[in-house]
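Peer 1: Supplied in structure tokens, the structure appears directly below.
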Amino acid sequence: MTETEKKVRKTSFTKALNDALDLGMDRFPEMFLIGEDIGEMGGDFGVTKKLWAKYGGERVRDTPLSEAAIIGTCVGAAMVGMRPVAEIMFADFLGECYDQIVNNAAKVHYMFDGQFTAPLVIRTACGGGFGGGPHHSQSVEGWFMNVPGIVIVAPSNPTDAKGLLLASIESEDPVLFLEHKALYRVRAEVPDGYYTTPLGQAAVAREGSDVTVVATMRMVPMALAAAEQAAADGISVEVVDLRTIRPYDAETMLGSVSRTGRAVVANEAPRIGGLGAELSARIHEECFSDLLGPVVRVDGLDAPIPFSVPLEHVILPDETDISAAIRTAMEKS
Amino acid sequence: MDKTTMLGLYRDMWMIRAFEQGLEREFEQGNVPGMLHTGLGQEATQAALADQLLATDCFFPDHRCHGINALAQQRHSGDGERIMAELFGKATGVCSGKGGSLHSADPAVGNFGDNAVEGSYMATVLGVALASKLRGEPNVACAIIGDGTVGRGEFHESLNMAAIWQLPVLYACVNNGYAISMPVGQGHASADIVDLARGYGFPCEQVDGNDIVECHEKIGVAIAHIRAGHGPYFVELKTWRWQGIFAGEFRPDAEVKYWREDHDPILMTVDRLIGLGCTSAELDAIEQEARGVIDEWITFAKESPAPDLAKATANVYVNWEVTGA
Ligand SMILES: Cc1ncc(C[n+]2csc(CCOP(=O)(O)OP(=O)(O)O)c2C)c(N)n1
Ligand SMILES: [Mg+2]
């Protein structure tokens with residue numbers, strides 16, 4: 001946080017994002033918002049509320065269901081110095097504009113050897129736990145982790161959400177900004193006014209000495225709850241909130257694991273080829289001699305996300321799974 | 001069209017033809033890596049666009065657009081040889097060899113680069129156009145698309161969005177009859193692409209893409225319309241590519257003869273110029289001059305150094321270095 005003396009007030013994740021967009025629009029004349037129903041309606045989740053009334057339809061642009069055209073518009077505008085911020089209503093729809101993100105946004109800077117940049121932000125609602133079914137619940141970070149050139153930001157709380165969104169708006173690199181739907185209503189003390197939270201830097205959400213839990217988005221509050229429980233059993237858990245998934249802060253993560261000697265990596269996406277696989281491999285490679293036992297992974301089961309809530313619970317990881325993983329990490333060492 | 005303009009376009013068409021023929025020769029000798037798609041036979045479409053787009057406009061070239069890339073580079077920056085060097089993968093290329101034939105760009109001359117995922121920039125062009133519109137600049141954003149590209153969903157998304165927002169987009173659709181092996185009438189609901197574009201409610205024009213006078217005039221009208229703030233314009237340029245599919249010719253003999261001999265854009269222009277009083281010696285000299293320039297460009301490309309290997313991981317991000325090479 002660049003300014004520490006700010007007044008804080010209890011704010012929801014949604015309102016924190018809304019404030020960040022408002023502050024960004026106010027500060028950057030070249031910024032505009034684009035997406036479906038983001039105008040007068042204020043977006044499916046209310047993140048763009050009142051911005052249309054304040055900034056007008058030229059800068060808060062409602063579109064038809066044209067995800068490729070939305071992101072294409074962002075890329076083209078960013079290539080000539082605008083700062084577009086798109087809303088893709090549900091992350092599950094990113095397939096509709098995957099080409100624009102992967103082959104354009106992520107590559108124009110590289111393939112034209114620095115002659116263009118793509119300073120755009122794609123905000124999108126991801127994650128399950130609310131009976132959204134197979135097409136409104138997915139965690140998509142794995143779809144993009146294998147794409148050099150893209151930045152993936154994944155806040156876990158309102159304070160970071162605001163600072164990270166403003167940092168994303170300032171970023172010269174294209175940012176995929178993941179908003180976990182289960183976090184939208186979470187409230188926390190959020191500073192007033194403009195501040196940024198640096199991209200590419202993890203946060204130590206709780207200090208501990210026996211085991212490190214590396215988590216993202218909704219897994220962070222769950223990891224904190226599991227850590228609290230573990231403390232009652234005499235286990236001291238350090239929680240590292242990655243905050244940026246790509247490029248991620250290996251230093252903070254590896255430093256923590258080197259100290260504790262044990263690691264749990266927790267994310268909601270399916271296990272194979274996901275974030276947990278990358279983090280686990282990296283920890284094994286670089287902390288091998290400090291590890292007291294193997295890394296334990298917590299992630300979604302290798303299946304789509306079903307509609308029925310009890311079924312969904314089977315697929316998605318929660319606090320209990322993290323607690324179990326912490327115990328396993330302790331026992332296997 | 002006056003004689004001076006026509007002579008200029010004649011020269012430009014020869015620059016394109018000499019460029020592509022020189023490139024083909026070098027490709028066959030194994031000096032040009034990757035794939036090769038040429039604009040041979042389609043010179044009038046590219047010459048007419050290059051002559052009328054300004055450096056402050058934007059164009060997204062397709063895979064057959066070495067010609068317009070080179071003309072824009074030469075006209076606005078005086079270094080057309082850097083397009084050739086890019087195709088050879090050299091450090092002196094417009095993208096230092098990172099882009100190659102399918103991704104040569106230089107924003108200083110209005111060239112926003114090809115996307116080899118054919119037609120992706122039908123979406124991207126909207127953003128460049130929107131930025132011009134929001135800034136009140138009279139610029140044209142042009143997407144040069146093939147008939148095959150029209151099959152993509154972005155065709156609809158782009159034309160629809162350009163229409164509802166009245167964006168300054170020029171769609172230059174080069175209908176050369178085929179997408180690799182797929183005849184246009186078999187791959188689309190109409191062999192005339194304008195039929196597909198008309199529903200969006202902005203002006204659409206079908207042009208003989210091998211007739212330089214018609215191409216130049218109709219593209220000129222479209223550009224004037226867009227620059228005046230009247231929104232998008234669609235021009236279908238009917239032409240034919242000399243290049244068959246990757247190995248050999250699959251099209252009927254009569255069709256090949258018609259396009260290569262009877263309806264060749266350069267020969268058609270020769271007839272016109274002779275009619276305007278030019279001599280064949282004068283026209284030969286233009287051809288020879290173009291071939292000479294292209295030979296120099298090829299020499300430049302061949303003699304240029306390979307890219308610095310440290311650049312392989314440069315410019316992945318603006319804010320982060322990628323290491324590990
Ligand atoms: C999205 C996509 N699909 C397929 C291809 C492979 N491909 C390259 S060129 C081409 C045909 C394009 O036809 P057209 O647009 O008519 O251009 P032409 O080669 O005839 O000039 C195809 C299918 C591609 N590059 N991108
Ligand atoms: Mg074609």
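Scheme for the structure tokens: letters A, B, ... for chains in order shown; per-chain residue numbers from 1; ligand numbers from 1 in order shown.
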Please identify all protein, DNA and RNA residues within 10 Å of ligand 1, counting only C-alpha atoms and all ligand atoms, and report them as a PyMOL selection string.
Peer 2: (chain A and resi 99) or (chain B and resi 37-39+42+62-65+102+115-120+144-152+173-184+187+239-241+243-245)
Peer 1: Only residues of chain A matter here; which ones have an atom within 9 Å of chain B, counting only C-alpha atoms? Give them as an NGL selection string.
Peer 2: :A and (30 or 58-59 or 63-82 or 99-100 or 103-104 or 106-117 or 148-151 or 171-174 or 247)
Peer 1: Hey, can you spit out that residue selection with N, CA and C atoms as a tab-separated table (two decimals), in the first residue's frame?
Peer 2:
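Okay, part.tsv is ready:
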chain	number	residue	atom	x	y	z
A	30	GLU	N	-7.77	7.87	-20.44
A	30	GLU	CA	-7.74	6.88	-21.52
A	30	GLU	C	-8.36	5.55	-21.09
A	58	GLU	N	-20.08	6.51	-23.37
A	58	GLU	CA	-18.88	6.42	-24.22
A	58	GLU	C	-17.76	5.71	-23.47
A	59	ARG	N	-17.71	5.91	-22.16
A	59	ARG	CA	-16.62	5.31	-21.37
A	59	ARG	C	-17.07	4.10	-20.56
A	63	THR	N	-22.20	-3.94	-24.30
A	63	THR	CA	-22.03	-4.65	-25.58
A	63	THR	C	-23.06	-5.77	-25.72
A	64	PRO	N	-23.22	-6.26	-26.94
A	64	PRO	CA	-23.98	-7.51	-27.11
A	64	PRO	C	-23.13	-8.70	-26.63
A	65	LEU	N	-23.69	-9.89	-26.72
A	65	LEU	CA	-22.95	-11.10	-26.32
A	65	LEU	C	-21.88	-11.38	-27.39
A	66	SER	N	-20.76	-10.70	-27.28
A	66	SER	CA	-19.70	-10.80	-28.28
A	66	SER	C	-18.36	-10.77	-27.56
A	67	GLU	N	-18.05	-11.87	-26.89
A	67	GLU	CA	-16.85	-11.87	-26.04
A	67	GLU	C	-15.57	-11.65	-26.85
A	68	ALA	N	-15.50	-12.25	-28.03
A	68	ALA	CA	-14.29	-12.06	-28.84
A	68	ALA	C	-14.16	-10.59	-29.24
A	69	ALA	N	-15.27	-9.99	-29.60
A	69	ALA	CA	-15.23	-8.58	-30.00
A	69	ALA	C	-14.93	-7.68	-28.79
A	70	ILE	N	-15.41	-8.05	-27.63
A	70	ILE	CA	-15.12	-7.26	-26.42
A	70	ILE	C	-13.61	-7.24	-26.17
A	71	ILE	N	-13.01	-8.42	-26.15
A	71	ILE	CA	-11.57	-8.47	-25.85
A	71	ILE	C	-10.76	-7.96	-27.05
A	72	GLY	N	-11.22	-8.24	-28.26
A	72	GLY	CA	-10.54	-7.68	-29.43
A	72	GLY	C	-10.53	-6.16	-29.37
A	73	THR	N	-11.65	-5.58	-29.00
A	73	THR	CA	-11.73	-4.12	-28.85
A	73	THR	C	-10.72	-3.64	-27.82
A	74	CYS	N	-10.62	-4.37	-26.73
A	74	CYS	CA	-9.65	-3.99	-25.69
A	74	CYS	C	-8.22	-4.05	-26.23
A	75	VAL	N	-7.90	-5.12	-26.93
A	75	VAL	CA	-6.52	-5.28	-27.42
A	75	VAL	C	-6.19	-4.15	-28.40
A	76	GLY	N	-7.07	-3.93	-29.36
A	76	GLY	CA	-6.81	-2.89	-30.37
A	76	GLY	C	-6.68	-1.52	-29.73
A	77	ALA	N	-7.58	-1.22	-28.80
A	77	ALA	CA	-7.55	0.09	-28.15
A	77	ALA	C	-6.29	0.23	-27.29
A	78	ALA	N	-5.91	-0.87	-26.62
A	78	ALA	CA	-4.71	-0.83	-25.79
A	78	ALA	C	-3.46	-0.64	-26.65
A	79	MET	N	-3.47	-1.22	-27.84
A	79	MET	CA	-2.32	-1.10	-28.75
A	79	MET	C	-2.08	0.36	-29.15
A	80	VAL	N	-3.11	1.17	-29.08
A	80	VAL	CA	-2.93	2.59	-29.40
A	80	VAL	C	-3.06	3.46	-28.14
A	81	GLY	N	-2.78	2.88	-26.99
A	81	GLY	CA	-2.60	3.70	-25.79
A	81	GLY	C	-3.80	3.92	-24.90
A	82	MET	N	-4.93	3.25	-25.18
A	82	MET	CA	-6.06	3.36	-24.26
A	82	MET	C	-5.83	2.35	-23.11
A	99	ASP	N	-8.79	-16.87	-27.89
A	99	ASP	CA	-7.82	-16.50	-28.93
A	99	ASP	C	-7.35	-15.06	-28.77
A	100	GLN	N	-8.28	-14.16	-28.51
A	100	GLN	CA	-7.89	-12.75	-28.34
A	100	GLN	C	-6.94	-12.58	-27.16
A	103	ASN	N	-3.55	-15.24	-28.06
A	103	ASN	CA	-2.77	-14.97	-29.28
A	103	ASN	C	-2.59	-13.49	-29.57
A	104	ASN	N	-3.40	-12.65	-28.96
A	104	ASN	CA	-3.21	-11.21	-29.17
A	104	ASN	C	-2.71	-10.51	-27.92
A	106	ALA	N	-1.65	-11.41	-25.07
A	106	ALA	CA	-0.42	-11.92	-24.45
A	106	ALA	C	0.79	-11.83	-25.37
A	107	LYS	N	0.56	-11.62	-26.67
A	107	LYS	CA	1.69	-11.75	-27.60
A	107	LYS	C	2.05	-10.51	-28.39
A	108	VAL	N	1.19	-9.50	-28.44
A	108	VAL	CA	1.54	-8.37	-29.32
A	108	VAL	C	2.84	-7.70	-28.89
A	109	HIS	N	3.10	-7.66	-27.59
A	109	HIS	CA	4.33	-7.02	-27.15
A	109	HIS	C	5.54	-7.82	-27.61
A	110	TYR	N	5.43	-9.13	-27.48
A	110	TYR	CA	6.57	-9.99	-27.83
A	110	TYR	C	6.75	-10.13	-29.34
A	111	MET	N	5.69	-10.51	-30.05
A	111	MET	CA	5.91	-10.90	-31.44
A	111	MET	C	6.22	-9.71	-32.34
A	112	PHE	N	5.84	-8.53	-31.92
A	112	PHE	CA	6.22	-7.35	-32.70
A	112	PHE	C	7.41	-6.65	-32.03
A	113	ASP	N	8.08	-7.39	-31.19
A	113	ASP	CA	9.33	-6.98	-30.54
A	113	ASP	C	9.24	-5.62	-29.84
A	114	GLY	N	8.22	-5.48	-29.01
A	114	GLY	CA	8.16	-4.30	-28.14
A	114	GLY	C	7.52	-3.08	-28.77
A	115	GLN	N	7.08	-3.18	-30.03
A	115	GLN	CA	6.50	-2.00	-30.67
A	115	GLN	C	5.09	-1.68	-30.16
A	116	PHE	N	4.42	-2.68	-29.60
A	116	PHE	CA	3.09	-2.47	-29.03
A	116	PHE	C	3.09	-2.95	-27.59
A	117	THR	N	2.20	-2.37	-26.79
A	117	THR	CA	1.89	-2.96	-25.49
A	117	THR	C	0.38	-3.19	-25.45
A	148	PRO	N	2.72	-17.42	-21.57
A	148	PRO	CA	3.63	-16.32	-21.27
A	148	PRO	C	3.05	-15.01	-21.80
A	149	GLY	N	3.26	-13.94	-21.05
A	149	GLY	CA	2.77	-12.63	-21.51
A	149	GLY	C	1.54	-12.16	-20.78
A	150	ILE	N	0.83	-13.08	-20.15
A	150	ILE	CA	-0.38	-12.68	-19.44
A	150	ILE	C	-0.06	-12.60	-17.93
A	151	VAL	N	-0.71	-11.67	-17.25
A	151	VAL	CA	-0.60	-11.57	-15.80
A	151	VAL	C	-1.92	-12.06	-15.23
A	171	SER	N	-0.99	-1.29	-14.91
A	171	SER	CA	-0.01	-2.20	-15.52
A	171	SER	C	0.07	-2.02	-17.03
A	172	GLU	N	1.30	-2.07	-17.54
A	172	GLU	CA	1.49	-2.02	-18.99
A	172	GLU	C	1.27	-3.40	-19.62
A	173	ASP	N	1.21	-4.44	-18.79
A	173	ASP	CA	0.98	-5.79	-19.29
A	173	ASP	C	-0.50	-6.16	-19.15
A	174	PRO	N	-0.98	-7.04	-20.02
A	174	PRO	CA	-2.40	-7.44	-19.92
A	174	PRO	C	-2.67	-8.29	-18.69
A	247	PRO	N	3.09	-13.51	-13.22
A	247	PRO	CA	4.19	-14.29	-12.67
A	247	PRO	C	4.07	-14.29	-11.15
Peer 1: Between atom CA of Phe234 of chain B and atom CA of Val169 of chain B, what is the spacing in Å?
Peer 2: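 Distance reported for this atom pair: 8.4 Å.
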Peer 1: So that I can check the surroundings of Leu301 of chain A, please list as a ChimeraX atom specification every protein, DNA and RNA residue that reaches within 10 Å of it, counting only C-alpha atoms and ignoring chain neighbours fewer than 3 positions away.
Peer 2: /A:268-272,298,304-305,314-317
Peer 1: Please, could you write that set of residues out with C-alpha atoms as a short mmCIF file (atom, residue, chain, number, x, y, z; two decimals), in the first residue's frame?
Peer 2:
data_model
loop_
_atom_site.label_atom_id
_atom_site.label_comp_id
_atom_site.auth_asym_id
_atom_site.auth_seq_id
_atom_site.Cartn_x
_atom_site.Cartn_y
_atom_site.Cartn_z
CA GLU A 268 -10.05 -24.72 -6.17
CA ALA A 269 -9.27 -25.80 -9.75
CA PRO A 270 -8.98 -29.43 -10.84
CA ARG A 271 -5.71 -31.05 -9.84
CA ILE A 272 -4.16 -32.10 -13.15
CA VAL A 298 -5.57 -29.50 -1.95
CA PRO A 304 -16.67 -30.85 -13.94
CA ILE A 305 -18.64 -29.01 -11.29
CA VAL A 314 -17.79 -33.50 -3.21
CA ILE A 315 -15.87 -31.83 -6.04
CA LEU A 316 -14.73 -28.57 -4.46
CA PRO A 317 -12.16 -28.40 -1.65
#
Peer 1: Quick one: everything within 6 Å of Pro168 of chain B, counting only C-alpha atoms, minus sequence neighbours fewer than 4 positions away in the same chain. Send it as a VMD selection string.
Peer 2: chain B and resid 129 140 226 231 to 232
Peer 1: Could those residues be written to a file, using all heavy atoms, as a short mmCIF file (atom, residue, chain, number, x, y, z; two decimals), in the first residue's frame?
Peer 2:
data_model
loop_
_atom_site.label_atom_id
_atom_site.label_comp_id
_atom_site.auth_asym_id
_atom_site.auth_seq_id
_atom_site.Cartn_x
_atom_site.Cartn_y
_atom_site.Cartn_z
N ALA B 129 -10.21 1.34 -33.99
CA ALA B 129 -11.23 2.25 -34.53
C ALA B 129 -11.94 3.00 -33.40
O ALA B 129 -12.18 4.21 -33.51
CB ALA B 129 -12.23 1.45 -35.36
N VAL B 140 -8.59 5.89 -40.30
CA VAL B 140 -9.25 4.68 -40.78
C VAL B 140 -8.54 3.47 -40.20
O VAL B 140 -7.31 3.44 -40.17
CB VAL B 140 -9.19 4.63 -42.33
CG1 VAL B 140 -9.76 3.32 -42.86
CG2 VAL B 140 -9.91 5.83 -42.93
N ILE B 226 -15.41 6.89 -44.53
CA ILE B 226 -15.01 6.59 -43.15
C ILE B 226 -14.37 7.81 -42.50
O ILE B 226 -14.71 8.18 -41.38
CB ILE B 226 -14.05 5.38 -43.13
CG1 ILE B 226 -14.76 4.13 -43.65
CG2 ILE B 226 -13.51 5.15 -41.73
CD1 ILE B 226 -13.83 2.99 -44.01
N GLY B 231 -18.92 6.15 -40.49
CA GLY B 231 -18.98 4.76 -40.04
C GLY B 231 -18.33 3.78 -40.99
O GLY B 231 -17.64 4.17 -41.93
N PRO B 232 -18.56 2.49 -40.73
CA PRO B 232 -17.82 1.44 -41.44
C PRO B 232 -18.20 1.29 -42.91
O PRO B 232 -19.25 1.78 -43.35
CB PRO B 232 -18.20 0.17 -40.67
CG PRO B 232 -19.45 0.48 -39.96
CD PRO B 232 -19.47 1.95 -39.70
#
Peer 1: Enumerate, as a PyMOL selection string, the complete set of residues in segment 115-287 of chain B that a backbone-based DSSP assignment places in strand (DSSP E).
Peer 2: chain B and resi 141-146+169-175+178-179+182-183+204-208+233-238
Peer 1: Under the rule that only C-alpha atoms and all ligand atoms are counted, which of B:Met15, B:Lys238, B:Arg227, B:Cys278 is the nearest residue to ligand 2?
Peer 2: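 Counting only C-alpha atoms and all ligand atoms, the residue closest to ligand 2 is B:Lys238.
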Peer 1: Given the choices B:Leu53, B:Ile16, B:Leu87, B:Ile193, which gets closest to Ala70 of chain B if the distance is worked out from only C-alpha atoms?
Peer 2: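 Closest residue, counting only C-alpha atoms: B:Ile16.
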Peer 1: Residues near segment 7-9 of chain B, anyone? I mean within 9 Å using only C-alpha atoms, not counting same-chain ones fewer than 6 positions away, as a ChimeraX atom specification.
Peer 2: /B:44,47-48,51,212,269,273,283,286
Peer 1: Go ahead and save the residues from that selection, with N, CA and C atoms, as a PDB file, in the first residue's frame.
Peer 2:
ATOM      1  N   ALA B  44      -3.185  -5.672 -57.398  1.00  0.00           N
ATOM      2  CA  ALA B  44      -3.989  -4.439 -57.491  1.00  0.00           C
ATOM      3  C   ALA B  44      -4.676  -4.123 -56.166  1.00  0.00           C
ATOM      4  N   ALA B  47      -1.937  -2.653 -53.854  1.00  0.00           N
ATOM      5  CA  ALA B  47      -1.410  -1.361 -54.322  1.00  0.00           C
ATOM      6  C   ALA B  47      -2.449  -0.260 -54.107  1.00  0.00           C
ATOM      7  N   ALA B  48      -3.709  -0.584 -54.361  1.00  0.00           N
ATOM      8  CA  ALA B  48      -4.774   0.427 -54.219  1.00  0.00           C
ATOM      9  C   ALA B  48      -4.948   0.840 -52.758  1.00  0.00           C
ATOM     10  N   ASP B  51      -1.742   2.880 -51.502  1.00  0.00           N
ATOM     11  CA  ASP B  51      -1.662   4.237 -52.042  1.00  0.00           C
ATOM     12  C   ASP B  51      -2.555   5.219 -51.283  1.00  0.00           C
ATOM     13  N   ILE B 212      -7.133  -2.155 -61.449  1.00  0.00           N
ATOM     14  CA  ILE B 212      -6.532  -1.188 -60.527  1.00  0.00           C
ATOM     15  C   ILE B 212      -7.338   0.116 -60.469  1.00  0.00           C
ATOM     16  N   THR B 269      -3.302  -3.310 -66.727  1.00  0.00           N
ATOM     17  CA  THR B 269      -2.846  -1.926 -66.556  1.00  0.00           C
ATOM     18  C   THR B 269      -1.933  -1.511 -67.717  1.00  0.00           C
ATOM     19  N   LEU B 273      -2.269   1.808 -69.915  1.00  0.00           N
ATOM     20  CA  LEU B 273      -1.190   2.801 -69.997  1.00  0.00           C
ATOM     21  C   LEU B 273      -0.757   3.025 -71.448  1.00  0.00           C
ATOM     22  N   LEU B 283       7.501   1.173 -69.867  1.00  0.00           N
ATOM     23  CA  LEU B 283       6.899   0.241 -68.904  1.00  0.00           C
ATOM     24  C   LEU B 283       7.888  -0.850 -68.507  1.00  0.00           C
ATOM     25  N   ILE B 286      10.169   0.371 -65.833  1.00  0.00           N
ATOM     26  CA  ILE B 286       9.556   0.362 -64.488  1.00  0.00           C
ATOM     27  C   ILE B 286       9.681  -1.028 -63.867  1.00  0.00           C
TER      28      ILE B 286
END
Peer 1: By how many Å are atom CA of Ser280 of chain A and atom CA of Lys332 of chain A apart?
Peer 2: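 Between atom CA of Ser280 of chain A and atom CA of Lys332 of chain A the gap is 15.6 Å.
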